[in-house]
$ cat input-v6.cif   # mmCIF, C-alpha atoms and all ligand atoms
data_query
#
loop_
_atom_site.label_atom_id
_atom_site.label_comp_id
_atom_site.auth_asym_id
_atom_site.auth_seq_id
_atom_site.Cartn_x
_atom_site.Cartn_y
_atom_site.Cartn_z
CA MET Z 1 -16.41 23.56 9.04
CA ILE Z 2 -14.85 24.82 5.84
CA ARG Z 3 -17.49 23.09 3.79
CA ASN Z 4 -20.36 24.61 5.65
CA VAL Z 5 -19.55 28.26 5.28
CA LEU Z 6 -21.35 30.42 2.77
CA PRO Z 7 -20.03 30.47 -0.76
CA ALA Z 8 -17.46 33.18 -1.25
CA LEU Z 9 -19.48 34.77 -4.02
CA VAL Z 10 -22.11 35.94 -1.60
CA LEU Z 11 -19.54 37.87 0.27
CA LEU Z 12 -17.69 39.63 -2.47
CA LEU Z 13 -16.45 42.92 -1.18
CA GLY Z 14 -13.73 43.47 -3.71
CA ALA Z 15 -14.46 47.15 -4.12
CA LEU Z 16 -13.06 47.82 -0.69
CA SER Z 17 -9.53 47.12 -1.74
CA THR Z 18 -7.42 48.85 -4.30
CA VAL Z 19 -4.58 47.70 -6.47
CA GLN Z 20 -1.61 49.99 -6.41
CA ALA Z 21 1.75 50.11 -8.05
CA VAL Z 22 4.76 49.59 -5.83
CA PRO Z 23 5.55 52.99 -4.32
CA GLY Z 24 9.12 53.96 -3.63
CA PHE Z 25 10.15 53.66 -0.02
CA THR Z 26 13.15 53.33 2.14
CA PHE Z 27 13.88 49.84 3.29
CA ARG Z 28 14.04 49.75 7.03
CA PRO Z 29 16.23 47.45 9.06
CA HIS Z 30 14.63 44.37 10.51
CA ASN Z 31 13.00 44.81 13.80
CA GLN Z 32 14.75 43.66 16.88
CA GLN Z 33 13.02 40.93 18.65
CA THR Z 34 13.32 38.92 21.73
CA ALA Z 35 11.99 35.48 21.18
CA GLU Z 36 10.77 33.21 23.86
CA LYS Z 37 9.33 29.88 23.11
CA GLY Z 38 6.44 28.35 24.88
CA VAL Z 39 6.74 24.69 24.20
CA ASN Z 40 3.80 23.49 26.16
CA GLY Z 41 0.96 24.77 24.05
CA GLY Z 42 -2.21 23.09 25.11
CA SER Z 43 -4.74 23.37 22.36
CA ARG Z 44 -4.64 21.82 18.94
CA HIS Z 45 -3.41 24.98 17.32
CA GLY Z 46 -1.78 26.35 20.39
CA HIS Z 47 1.60 24.81 19.84
CA GLY Z 48 4.74 26.63 18.97
CA HIS Z 49 3.79 29.87 20.63
CA LYS Z 50 6.27 32.59 20.35
CA GLU Z 51 6.28 35.96 21.93
CA TRP Z 52 8.28 38.88 20.79
CA SER Z 53 8.48 42.60 21.00
CA ALA Z 54 7.91 44.40 17.77
CA GLU Z 55 10.12 47.23 16.63
CA SER Z 56 7.50 49.77 17.42
CA GLY Z 57 7.57 47.80 20.61
CA GLY Z 58 6.78 49.46 23.84
CA GLY Z 59 5.76 46.18 25.40
CA GLU Z 60 3.71 45.15 22.39
CA HIS Z 61 3.52 41.38 22.10
CA ARG Z 62 2.59 39.17 19.26
CA GLU Z 63 1.91 35.53 19.44
CA PHE Z 64 2.24 33.32 16.42
CA VAL Z 65 1.23 29.74 16.04
CA GLN Z 66 3.20 27.96 13.39
CA CYS Z 67 0.33 26.95 11.24
CA ALA Z 68 -3.41 27.43 11.40
CA THR Z 69 -4.34 24.94 8.69
CA LEU Z 70 -7.48 23.15 9.76
CA SER Z 71 -8.12 19.51 9.05
CA PRO Z 72 -11.60 18.08 8.85
CA ASN Z 73 -12.76 15.92 11.73
CA THR Z 74 -11.59 12.32 11.71
CA GLN Z 75 -14.81 10.92 10.30
CA GLU Z 76 -14.97 13.39 7.43
CA GLN Z 77 -11.30 12.88 6.74
CA GLU Z 78 -11.66 9.11 6.58
CA MET Z 79 -14.54 9.41 4.13
CA GLU Z 80 -12.54 11.77 1.93
CA GLU Z 81 -9.54 9.45 2.06
CA LYS Z 82 -11.68 6.53 0.93
CA LYS Z 83 -12.96 8.54 -2.01
CA PHE Z 84 -9.42 9.64 -2.80
CA THR Z 85 -8.14 6.06 -2.80
CA GLN Z 86 -10.98 4.93 -5.07
CA MET Z 87 -10.47 7.78 -7.53
CA LEU Z 88 -6.76 7.12 -7.55
CA ARG Z 89 -7.31 3.50 -8.44
CA LYS Z 90 -9.41 4.53 -11.43
CA HIS Z 91 -6.79 6.99 -12.62
CA ARG Z 92 -3.85 4.65 -12.37
CA ARG Z 93 -2.56 3.98 -15.83
CA PRO Z 94 -1.45 0.47 -16.64
CA GLY Z 95 2.26 0.24 -17.15
CA HIS Z 96 2.92 3.40 -15.19
CA LYS Z 97 6.31 3.10 -13.60
CA THR Z 98 6.76 4.41 -10.16
CA GLY Z 99 9.91 6.38 -9.67
CA GLU Z 100 9.52 8.31 -12.91
CA LEU Z 101 8.38 11.71 -11.82
CA LYS Z 102 7.27 13.82 -14.70
CA GLN Z 103 7.92 17.49 -14.12
CA ILE Z 104 4.93 19.48 -12.97
CA ASP Z 105 4.86 23.25 -13.52
CA LEU Z 106 2.34 25.29 -11.58
CA PRO Z 107 1.65 29.05 -11.66
CA ILE Z 108 1.66 31.27 -8.56
CA HIS Z 109 -0.10 34.56 -8.12
CA PHE Z 110 1.30 36.61 -5.26
CA HIS Z 111 -1.12 39.02 -3.61
CA ILE Z 112 0.80 41.34 -1.32
CA ILE Z 113 -1.62 42.81 1.19
CA TYR Z 114 -0.22 45.81 3.01
CA ALA Z 115 -1.20 48.46 5.52
CA ASN Z 116 1.57 50.95 4.85
CA ASP Z 117 4.79 51.28 2.89
CA THR Z 118 7.08 49.69 5.45
CA GLN Z 119 8.17 46.10 5.66
CA GLN Z 120 6.31 45.82 8.94
CA GLY Z 121 3.28 47.13 7.18
CA GLY Z 122 3.48 44.28 4.70
CA MET Z 123 5.25 46.01 1.82
CA LEU Z 124 7.53 43.32 0.49
CA LYS Z 125 10.46 44.00 -1.78
CA PRO Z 126 10.58 42.23 -5.14
CA TRP Z 127 13.81 40.47 -4.13
CA GLN Z 128 12.02 38.89 -1.18
CA ILE Z 129 9.52 37.34 -3.55
CA GLU Z 130 12.32 36.18 -5.84
CA GLN Z 131 14.16 34.54 -2.95
CA GLN Z 132 10.92 32.97 -1.76
CA MET Z 133 10.45 31.42 -5.18
CA PHE Z 134 14.03 30.17 -5.16
CA ARG Z 135 13.48 28.52 -1.76
CA LEU Z 136 10.17 27.00 -2.80
CA ASN Z 137 11.54 25.52 -5.99
CA LEU Z 138 14.66 24.15 -4.31
CA ASP Z 139 12.57 22.43 -1.66
CA PHE Z 140 10.08 20.97 -4.13
CA MET Z 141 12.81 19.75 -6.46
CA SER Z 142 12.73 16.26 -4.95
CA ALA Z 143 9.06 16.04 -5.96
CA ASN Z 144 9.86 17.43 -9.42
CA ILE Z 145 7.26 20.15 -8.90
CA ARG Z 146 8.17 23.64 -10.07
CA PHE Z 147 6.39 26.90 -9.50
CA PHE Z 148 6.61 30.04 -11.57
CA ILE Z 149 5.33 33.52 -10.86
CA ALA Z 150 2.35 34.34 -13.01
CA SER Z 151 1.67 37.71 -11.38
CA THR Z 152 2.40 39.87 -8.34
CA SER Z 153 -0.05 42.49 -7.18
CA TYR Z 154 -0.02 44.89 -4.26
CA ARG Z 155 -3.23 45.70 -2.46
CA TYR Z 156 -3.66 48.35 0.18
CA ASP Z 157 -6.01 46.79 2.71
CA PRO Z 158 -5.19 47.59 6.35
CA ARG Z 159 -8.29 45.81 7.56
CA TRP Z 160 -7.27 42.51 6.05
CA PHE Z 161 -3.59 42.94 6.80
CA ASN Z 162 -4.29 43.48 10.49
CA THR Z 163 -7.04 40.96 11.04
CA GLY Z 164 -6.07 38.16 13.41
CA VAL Z 165 -6.44 34.50 12.50
CA GLY Z 166 -10.08 33.52 12.72
CA GLU Z 167 -11.18 37.00 13.74
CA ASP Z 168 -12.87 37.93 10.52
CA TYR Z 169 -13.08 34.89 8.29
CA ASP Z 170 -15.97 36.38 6.35
CA TYR Z 171 -13.96 39.38 5.25
CA GLU Z 172 -10.82 37.37 4.65
CA LYS Z 173 -12.66 34.79 2.65
CA ALA Z 174 -14.46 37.43 0.63
CA GLN Z 175 -11.19 39.12 -0.23
CA MET Z 176 -9.58 35.84 -1.23
CA GLY Z 177 -12.57 35.00 -3.38
CA SER Z 178 -12.55 38.33 -5.14
CA HIS Z 179 -8.81 38.44 -5.78
CA ARG Z 180 -8.21 34.81 -6.59
CA ILE Z 181 -6.93 34.15 -10.10
CA GLY Z 182 -6.94 30.97 -12.14
CA ASP Z 183 -8.22 27.44 -11.83
CA GLU Z 184 -7.63 24.58 -9.42
CA GLN Z 185 -4.02 24.21 -10.57
CA THR Z 186 -3.22 27.82 -9.78
CA LEU Z 187 -1.66 28.66 -6.45
CA ASN Z 188 -2.71 31.99 -4.98
CA VAL Z 189 -0.58 33.27 -2.08
CA TYR Z 190 -1.80 36.17 0.02
CA THR Z 191 0.74 37.76 2.36
CA VAL Z 192 -0.75 39.41 5.44
CA GLY Z 193 0.30 40.64 8.87
CA TRP Z 194 -2.11 39.19 11.41
CA GLY Z 195 -1.14 41.86 13.85
CA PRO Z 196 0.27 43.93 15.34
CA ASP Z 197 -1.51 43.12 18.56
CA ARG Z 198 -3.66 40.18 17.61
CA ALA Z 199 -3.12 36.44 17.71
CA GLY Z 200 -1.57 35.30 14.50
CA ALA Z 201 0.03 32.44 12.70
CA TYR Z 202 2.84 32.00 10.25
CA GLY Z 203 0.45 30.70 7.69
CA TYR Z 204 -2.48 28.59 6.73
CA SER Z 205 -3.68 26.79 3.67
CA HIS Z 206 -6.61 24.90 2.26
CA TYR Z 207 -6.33 21.30 1.16
CA PRO Z 208 -6.86 20.29 -2.48
CA SER Z 209 -9.99 18.36 -1.51
CA ASN Z 210 -11.60 21.63 -0.37
CA TYR Z 211 -11.47 23.08 -3.85
CA GLN Z 212 -14.51 21.12 -5.02
CA TYR Z 213 -16.59 22.67 -2.23
CA ASP Z 214 -15.12 26.13 -2.03
CA PRO Z 215 -12.93 27.21 -4.94
CA GLY Z 216 -12.83 30.87 -3.94
CA TRP Z 217 -11.12 30.07 -0.68
CA ASP Z 218 -8.38 28.00 -2.25
CA GLY Z 219 -4.87 29.22 -1.61
CA VAL Z 220 -2.32 30.06 1.07
CA LEU Z 221 -2.27 32.87 3.58
CA LEU Z 222 1.24 33.70 4.59
CA ASN Z 223 2.56 35.96 7.31
CA SER Z 224 4.83 38.41 5.50
CA VAL Z 225 7.39 38.26 8.34
CA THR Z 226 8.25 34.69 7.26
CA MET Z 227 9.37 35.66 3.77
CA PRO Z 228 13.13 35.69 3.14
CA GLY Z 229 14.44 38.87 4.72
CA GLY Z 230 11.39 39.09 6.95
CA SER Z 231 11.57 40.11 10.57
CA GLU Z 232 10.78 36.75 12.18
CA GLU Z 233 14.27 35.55 13.01
CA GLY Z 234 14.63 31.79 12.65
CA HIS Z 235 11.51 31.65 10.54
CA ASN Z 236 12.48 33.97 7.73
CA LEU Z 237 14.07 31.64 5.22
CA GLY Z 238 10.84 31.09 3.34
CA ARG Z 239 10.06 27.63 4.62
CA THR Z 240 6.70 28.55 6.03
CA LEU Z 241 5.51 28.81 2.45
CA VAL Z 242 7.09 25.44 1.67
CA HIS Z 243 5.11 23.95 4.58
CA GLU Z 244 1.88 25.63 3.49
CA VAL Z 245 2.30 24.60 -0.12
CA GLY Z 246 2.75 21.07 1.24
CA HIS Z 247 -0.77 21.44 2.67
CA TRP Z 248 -2.04 23.00 -0.56
CA SER Z 249 -0.68 19.90 -2.31
CA GLY Z 250 -2.48 17.56 0.08
CA LEU Z 251 -0.04 16.86 2.91
CA MET Z 252 -1.07 16.93 6.54
CA HIS Z 253 1.16 17.51 9.54
CA THR Z 254 3.31 14.50 10.30
CA PHE Z 255 1.79 14.51 13.80
CA GLU Z 256 -1.79 14.66 12.51
CA GLY Z 257 -4.11 13.11 15.06
CA TYR Z 258 -1.75 13.83 17.95
CA ASP Z 259 -1.78 10.16 18.74
CA CYS Z 260 0.35 7.05 18.25
CA SER Z 261 -2.62 5.16 16.91
CA GLY Z 262 -4.97 6.17 14.13
CA GLN Z 263 -4.34 7.13 10.54
CA GLY Z 264 -2.01 10.03 11.22
CA ASP Z 265 -1.05 11.83 8.04
CA TYR Z 266 -1.99 8.95 5.69
CA VAL Z 267 1.63 8.63 4.64
CA ALA Z 268 3.32 5.31 5.38
CA ASP Z 269 6.95 6.40 5.64
CA THR Z 270 6.63 9.32 8.06
CA PRO Z 271 7.23 7.89 11.54
CA VAL Z 272 4.19 8.02 13.80
CA HIS Z 273 4.53 10.62 16.54
CA ALA Z 274 2.24 12.03 19.15
CA GLY Z 275 2.78 15.74 18.73
CA PRO Z 276 4.84 18.46 17.05
CA SER Z 277 8.63 18.38 17.33
CA TYR Z 278 10.16 21.76 18.00
CA TYR Z 279 13.84 21.12 18.27
CA CYS Z 280 16.25 20.05 15.60
CA ASP Z 281 18.98 18.96 17.95
CA ILE Z 282 16.99 16.92 20.45
CA PRO Z 283 16.00 13.51 19.06
CA MET Z 284 12.62 12.44 20.31
CA ASP Z 285 10.54 9.32 20.05
CA THR Z 286 7.06 10.05 21.31
CA CYS Z 287 5.70 6.73 20.04
CA PRO Z 288 8.39 4.24 21.13
CA GLY Z 289 6.27 1.25 20.10
CA TYR Z 290 6.52 2.34 16.47
CA GLU Z 291 9.39 2.47 14.06
CA GLY Z 292 11.50 5.56 13.79
CA ASN Z 293 12.18 8.71 15.75
CA ASP Z 294 9.93 11.73 15.42
CA PRO Z 295 10.63 13.31 12.01
CA VAL Z 296 12.06 16.62 13.20
CA TYR Z 297 13.51 17.51 9.81
CA ASN Z 298 10.29 17.06 7.94
CA PHE Z 299 8.77 20.10 6.23
CA MET Z 300 5.38 19.15 7.63
CA ASN Z 301 6.49 19.13 11.26
CA TYR Z 302 6.94 22.16 13.51
CA ALA Z 303 10.71 22.47 13.98
CA ASP Z 304 11.28 25.88 15.44
CA LYS Z 305 13.85 26.94 12.89
CA ASP Z 306 13.49 27.18 9.15
CA TYR Z 307 16.90 25.66 8.51
CA CYS Z 308 15.84 22.52 10.33
CA ARG Z 309 12.82 21.74 8.21
CA SER Z 310 14.38 20.28 5.14
CA GLU Z 311 12.76 17.17 3.74
CA PHE Z 312 9.76 15.45 2.22
CA THR Z 313 9.71 11.67 2.34
CA PRO Z 314 9.11 9.59 -0.82
CA GLY Z 315 5.67 8.75 0.60
CA GLN Z 316 4.83 12.43 0.98
CA ILE Z 317 6.00 13.14 -2.55
CA GLU Z 318 3.80 10.35 -3.86
CA ARG Z 319 0.81 11.66 -1.90
CA MET Z 320 1.31 15.24 -3.11
CA ARG Z 321 1.48 14.20 -6.72
CA ASN Z 322 -1.55 11.94 -6.34
CA GLN Z 323 -3.55 14.66 -4.59
CA LEU Z 324 -2.61 17.13 -7.33
CA LYS Z 325 -3.75 14.60 -9.91
CA ILE Z 326 -7.09 13.77 -8.31
CA TYR Z 327 -8.18 17.11 -6.89
CA ARG Z 328 -6.32 19.60 -9.05
CA ASN Z 329 -6.44 17.67 -12.32
CA VAL Z 330 -2.72 17.92 -12.85
CA GLU Z 331 -2.03 15.62 -15.75
CA ASP Z 332 0.31 12.69 -15.32
CA ALA Z 333 1.24 13.75 -11.84
ZN ZN H 401 0.71 23.25 8.82
#
$ encode --input "input-v6.cif" --output "structure tokens"
Amino acid sequence: MIRNVLPALVLLLGALSTVQAVPGFTFRPHNQQTAEKGVNGGSRHGHGHKEWSAESGGGEHREFVQCATLSPNTQEQEMEEKKFTQMLRKHRRPGHKTGELKQIDLPIHFHIIYANDTQQGGMLKPWQIEQQMFRLNLDFMSANIRFFIASTSYRYDPRWFNTGVGEDYDYEKAQMGSHRIGDEQTLNVYTVGWGPDRAGAYGYSHYPSNYQYDPGWDGVLLNSVTMPGGSEEGHNLGRTLVHEVGHWSGLMHTFEGYDCSGQGDYVADTPVHAGPSYYCDIPMDTCPGYEGNDPVYNFMNYADKDYCRSEFTPGQIERMRNQLKIYRNVEDA
């Protein structure tokens, strides 16, 4: 689907948004929320539903899915994986020792999209971005990948901020294409609201293999409520971005395929499981015929609390670095 959409250039509507300096404002306390989990989501992206009342409340409900990252269909994915494996074989240097992870440094451009000067309106404080970077770099330390802020810009764009997931891809894509900075090694993060009364997600990302088809759409969309200090209790430690950057670096969900058979996430050391795991404290084994319990602590699963998601496996680290090498031309990754 991603490959078939019109090139972003056709849709450039950059003039509609404006870049503004950070205005002074009073920081408002986090909104109160009552969270209720729906654990029986039916559709592919319908898992992890959460309903809560916003501060401005009055019976207003938002529903977030954890992640709206789309994978290609199985056939397309298998073809891409074959190409990936072949390219990797060509790139492998003789004498290269596994286990020696050279440090990778990658730039991030933060694009803060906001509708008004409040936190609910998407206006993030600089310290939130700093803490987000701290979280991201701590969590990617095991992969020896480091990110540094190359720029932060604030853009007043209520239309984009409030658009629900999938409601206006053309506009969203056009905005991403017009604001995106840098090459394939540059991570662009756009924080949005996906609300207040529309279906939303915590985030979504595009895989490295998409860059060759659609460079303008490369990057991560992040719900601003998930940033450190954000209003989404339990999901405001900054680990949504860690999860999405995992996708941006080529990782799929550990439950990819939603099946005990099949290729899953193409990583050998993540136990096969048949669907997302939501709870940290309840061990599950949805594929008892296969080794290992469901990986509830994995960054690429759906544990319902940020503190729970806390690890990449060595196989995931290897895949990320290989994907960065092949699709993002990161040297010696
Ligand atoms: Zn995801």
$ closest_atom_pairs --input "input-v6.cif" --of "chain Z" --to "ligand ZN 401 (chain H)" --cutoff "9 Å" --atoms "only C-alpha atoms and all ligand atoms" --output "JSON lines"
{"residue": "Z:Gln66", "atom": "CA", "partner": "H:ZN401", "partner_atom": "ZN", "distance": 7.0}
{"residue": "Z:Cys67", "atom": "CA", "partner": "H:ZN401", "partner_atom": "ZN", "distance": 4.4}
{"residue": "Z:Ala68", "atom": "CA", "partner": "H:ZN401", "partner_atom": "ZN", "distance": 6.4}
{"residue": "Z:Thr69", "atom": "CA", "partner": "H:ZN401", "partner_atom": "ZN", "distance": 5.3}
{"residue": "Z:Leu70", "atom": "CA", "partner": "H:ZN401", "partner_atom": "ZN", "distance": 8.2}
{"residue": "Z:Gly203", "atom": "CA", "partner": "H:ZN401", "partner_atom": "ZN", "distance": 7.5}
{"residue": "Z:Tyr204", "atom": "CA", "partner": "H:ZN401", "partner_atom": "ZN", "distance": 6.6}
{"residue": "Z:Ser205", "atom": "CA", "partner": "H:ZN401", "partner_atom": "ZN", "distance": 7.6}
{"residue": "Z:Thr240", "atom": "CA", "partner": "H:ZN401", "partner_atom": "ZN", "distance": 8.5}
{"residue": "Z:His243", "atom": "CA", "partner": "H:ZN401", "partner_atom": "ZN", "distance": 6.2}
{"residue": "Z:Glu244", "atom": "CA", "partner": "H:ZN401", "partner_atom": "ZN", "distance": 6.0}
{"residue": "Z:Gly246", "atom": "CA", "partner": "H:ZN401", "partner_atom": "ZN", "distance": 8.1}
{"residue": "Z:His247", "atom": "CA", "partner": "H:ZN401", "partner_atom": "ZN", "distance": 6.6}
{"residue": "Z:Leu251", "atom": "CA", "partner": "H:ZN401", "partner_atom": "ZN", "distance": 8.7}
{"residue": "Z:Met252", "atom": "CA", "partner": "H:ZN401", "partner_atom": "ZN", "distance": 7.0}
{"residue": "Z:His253", "atom": "CA", "partner": "H:ZN401", "partner_atom": "ZN", "distance": 5.8}
{"residue": "Z:Met300", "atom": "CA", "partner": "H:ZN401", "partner_atom": "ZN", "distance": 6.3}
{"residue": "Z:Asn301", "atom": "CA", "partner": "H:ZN401", "partner_atom": "ZN", "distance": 7.5}
{"residue": "Z:Tyr302", "atom": "CA", "partner": "H:ZN401", "partner_atom": "ZN", "distance": 7.9}
$ closest_residue --input "input-v6.cif" --among "Z:Gln131, Z:Trp217, Z:Pro158, Z:Leu324" --to "Asp170 (chain Z)" --atoms "only C-alpha atoms"
Z:Trp217
$ closest_atom_pairs --input "input-v6.cif" --of "region 188-278 of chain Z" --to "region 308-317 of chain Z" --cutoff "8 Å" --atoms "only C-alpha atoms" --output "CSV"
residue,atom,partner,partner_atom,distance
Z:Arg239,CA,Z:Arg309,CA,7.4
Z:Leu251,CA,Z:Gln316,CA,6.9
Z:Val267,CA,Z:Gly315,CA,5.7
Z:Ala268,CA,Z:Gly315,CA,6.3
Z:Asp269,CA,Z:Gly315,CA,5.7
Z:Thr270,CA,Z:Thr313,CA,6.9
$ atom_distance --input "input-v6.cif" --atom1 "CA of Gly200 (chain Z)" --atom2 "CA of Gly262 (chain Z)"
29.3 Å
$ closest_residue --input "input-v6.cif" --among "Z:Thr254, Z:His111, Z:Asp214, Z:Val330" --to "Pro295 (chain Z)" --atoms "all atoms listed in the file"
Z:Thr254
$ atom_distance --input "input-v6.cif" --atom1 "CA of Glu318 (chain Z)" --atom2 "CA of Arg89 (chain Z)"
13.8 Å
$ atom_distance --input "input-v6.cif" --atom1 "CA of Gly177 (chain Z)" --atom2 "CA of Gln77 (chain Z)"
24.4 Å
$ closest_residue --input "input-v6.cif" --among "Z:Leu187, Z:Ala274, Z:Leu221, Z:Ala115" --to "Asn162 (chain Z)" --atoms "all atoms listed in the file"
Z:Ala115
$ residues_around --input "input-v6.cif" --residues "Cys280 (chain Z)" --least-positions-apart "4" --cutoff "9 Å" --atoms "all atoms listed in the file" --output "JSON list (two decimals) with C-alpha atoms, in the frame of the given file"
[["chain", "number", "residue", "atom", "x", "y", "z"],
["Z", 296, "VAL", "CA", 12.06, 16.62, 13.20],
["Z", 297, "TYR", "CA", 13.51, 17.51, 9.81],
["Z", 303, "ALA", "CA", 10.71, 22.47, 13.98],
["Z", 304, "ASP", "CA", 11.28, 25.88, 15.44],
["Z", 305, "LYS", "CA", 13.85, 26.94, 12.89],
["Z", 308, "CYS", "CA", 15.84, 22.52, 10.33],
["Z", 309, "ARG", "CA", 12.82, 21.74, 8.21]]
$ axis_aligned_box --input "input-v6.cif" --around "region 243-257 of chain Z" --padding-each-side "3 Å" --output "lines of an AutoDock Vina configuration file"
center_x = 0.5
center_y = 19.4
center_z = 6.4
size_x = 15.2
size_y = 18.5
size_z = 23.4
$ residues_near_point --input "input-v6.cif" --point "(9.6, 19.3, -5.6)" --cutoff "10 Å" --atoms "only C-alpha atoms" --output "PyMOL selection string"
chain Z and resi 101+103-104+136-147+242+246+312+317+320-321
$ write_last_selection --input "input-v6.cif" --atoms "C-alpha atoms" --output "tab-separated table (two decimals), in the frame of the given file"
chain	number	residue	atom	x	y	z
Z	101	LEU	CA	8.38	11.71	-11.82
Z	103	GLN	CA	7.92	17.49	-14.12
Z	104	ILE	CA	4.93	19.48	-12.97
Z	136	LEU	CA	10.17	27.00	-2.80
Z	137	ASN	CA	11.54	25.52	-5.99
Z	138	LEU	CA	14.66	24.15	-4.31
Z	139	ASP	CA	12.57	22.43	-1.66
Z	140	PHE	CA	10.08	20.97	-4.13
Z	141	MET	CA	12.81	19.75	-6.46
Z	142	SER	CA	12.73	16.26	-4.95
Z	143	ALA	CA	9.06	16.04	-5.96
Z	144	ASN	CA	9.86	17.43	-9.42
Z	145	ILE	CA	7.26	20.15	-8.90
Z	146	ARG	CA	8.17	23.64	-10.07
Z	147	PHE	CA	6.39	26.90	-9.50
Z	242	VAL	CA	7.09	25.44	1.67
Z	246	GLY	CA	2.75	21.07	1.24
Z	312	PHE	CA	9.76	15.45	2.22
Z	317	ILE	CA	6.00	13.14	-2.55
Z	320	MET	CA	1.31	15.24	-3.11
Z	321	ARG	CA	1.48	14.20	-6.72
$ residues_near_point --input "input-v6.cif" --point "(-7.9, 28.4, -2.3)" --cutoff "10 Å" --atoms "all atoms listed in the file" --output "PyMOL selection string"
chain Z and resi 173+176-177+180-181+183-184+186-189+205-208+210-211+214-221+248
$ decode --input "input-v6.cif" --residues "region 117-130 of chain Z" --atoms "N, CA, C and O atoms" --output "tab-separated table (two decimals), in the first residue's frame"
chain	number	residue	atom	x	y	z
Z	117	ASP	N	-1.05	26.60	22.47
Z	117	ASP	CA	0.14	26.68	23.32
Z	117	ASP	C	0.11	25.81	24.57
Z	117	ASP	O	0.96	25.95	25.45
Z	118	THR	N	-0.85	24.93	24.68
Z	118	THR	CA	-0.90	24.06	25.85
Z	118	THR	C	-0.24	22.72	25.53
Z	118	THR	O	-0.04	22.37	24.37
Z	119	GLN	N	0.04	21.99	26.61
Z	119	GLN	CA	0.61	20.66	26.40
Z	119	GLN	C	-0.38	19.78	25.64
Z	119	GLN	O	-0.02	19.01	24.77
Z	120	GLN	N	-1.65	19.90	25.99
Z	120	GLN	CA	-2.67	19.13	25.28
Z	120	GLN	C	-2.75	19.51	23.81
Z	120	GLN	O	-3.14	18.71	22.97
Z	121	GLY	N	-2.40	20.73	23.55
Z	121	GLY	CA	-2.42	21.20	22.16
Z	121	GLY	C	-1.12	20.91	21.43
Z	121	GLY	O	-0.92	21.37	20.32
Z	122	GLY	N	-0.26	20.11	22.07
Z	122	GLY	CA	0.94	19.64	21.39
Z	122	GLY	C	2.19	20.43	21.65
Z	122	GLY	O	3.27	20.10	21.13
Z	123	MET	N	2.08	21.49	22.46
Z	123	MET	CA	3.26	22.31	22.72
Z	123	MET	C	4.15	21.64	23.77
Z	123	MET	O	3.84	21.64	24.95
Z	124	LEU	N	5.21	21.04	23.31
Z	124	LEU	CA	6.09	20.32	24.22
Z	124	LEU	C	7.17	21.24	24.78
Z	124	LEU	O	7.64	22.14	24.10
Z	125	LYS	N	7.52	20.98	26.01
Z	125	LYS	CA	8.60	21.74	26.66
Z	125	LYS	C	9.95	21.17	26.22
Z	125	LYS	O	10.08	19.96	26.01
Z	126	PRO	N	10.95	22.02	26.14
Z	126	PRO	CA	12.28	21.53	25.77
Z	126	PRO	C	12.77	20.38	26.67
Z	126	PRO	O	13.42	19.46	26.20
Z	127	TRP	N	12.43	20.43	27.96
Z	127	TRP	CA	12.92	19.35	28.84
Z	127	TRP	C	12.29	18.01	28.49
Z	127	TRP	O	12.88	16.95	28.70
Z	128	GLN	N	11.09	18.04	27.92
Z	128	GLN	CA	10.46	16.77	27.51
Z	128	GLN	C	11.26	16.14	26.37
Z	128	GLN	O	11.44	14.92	26.31
Z	129	ILE	N	11.72	16.99	25.48
Z	129	ILE	CA	12.51	16.48	24.35
Z	129	ILE	C	13.86	15.95	24.86
Z	129	ILE	O	14.33	14.90	24.44
Z	130	GLU	N	14.44	16.69	25.80
Z	130	GLU	CA	15.72	16.24	26.37
Z	130	GLU	C	15.56	14.89	27.06
Z	130	GLU	O	16.38	13.98	26.88
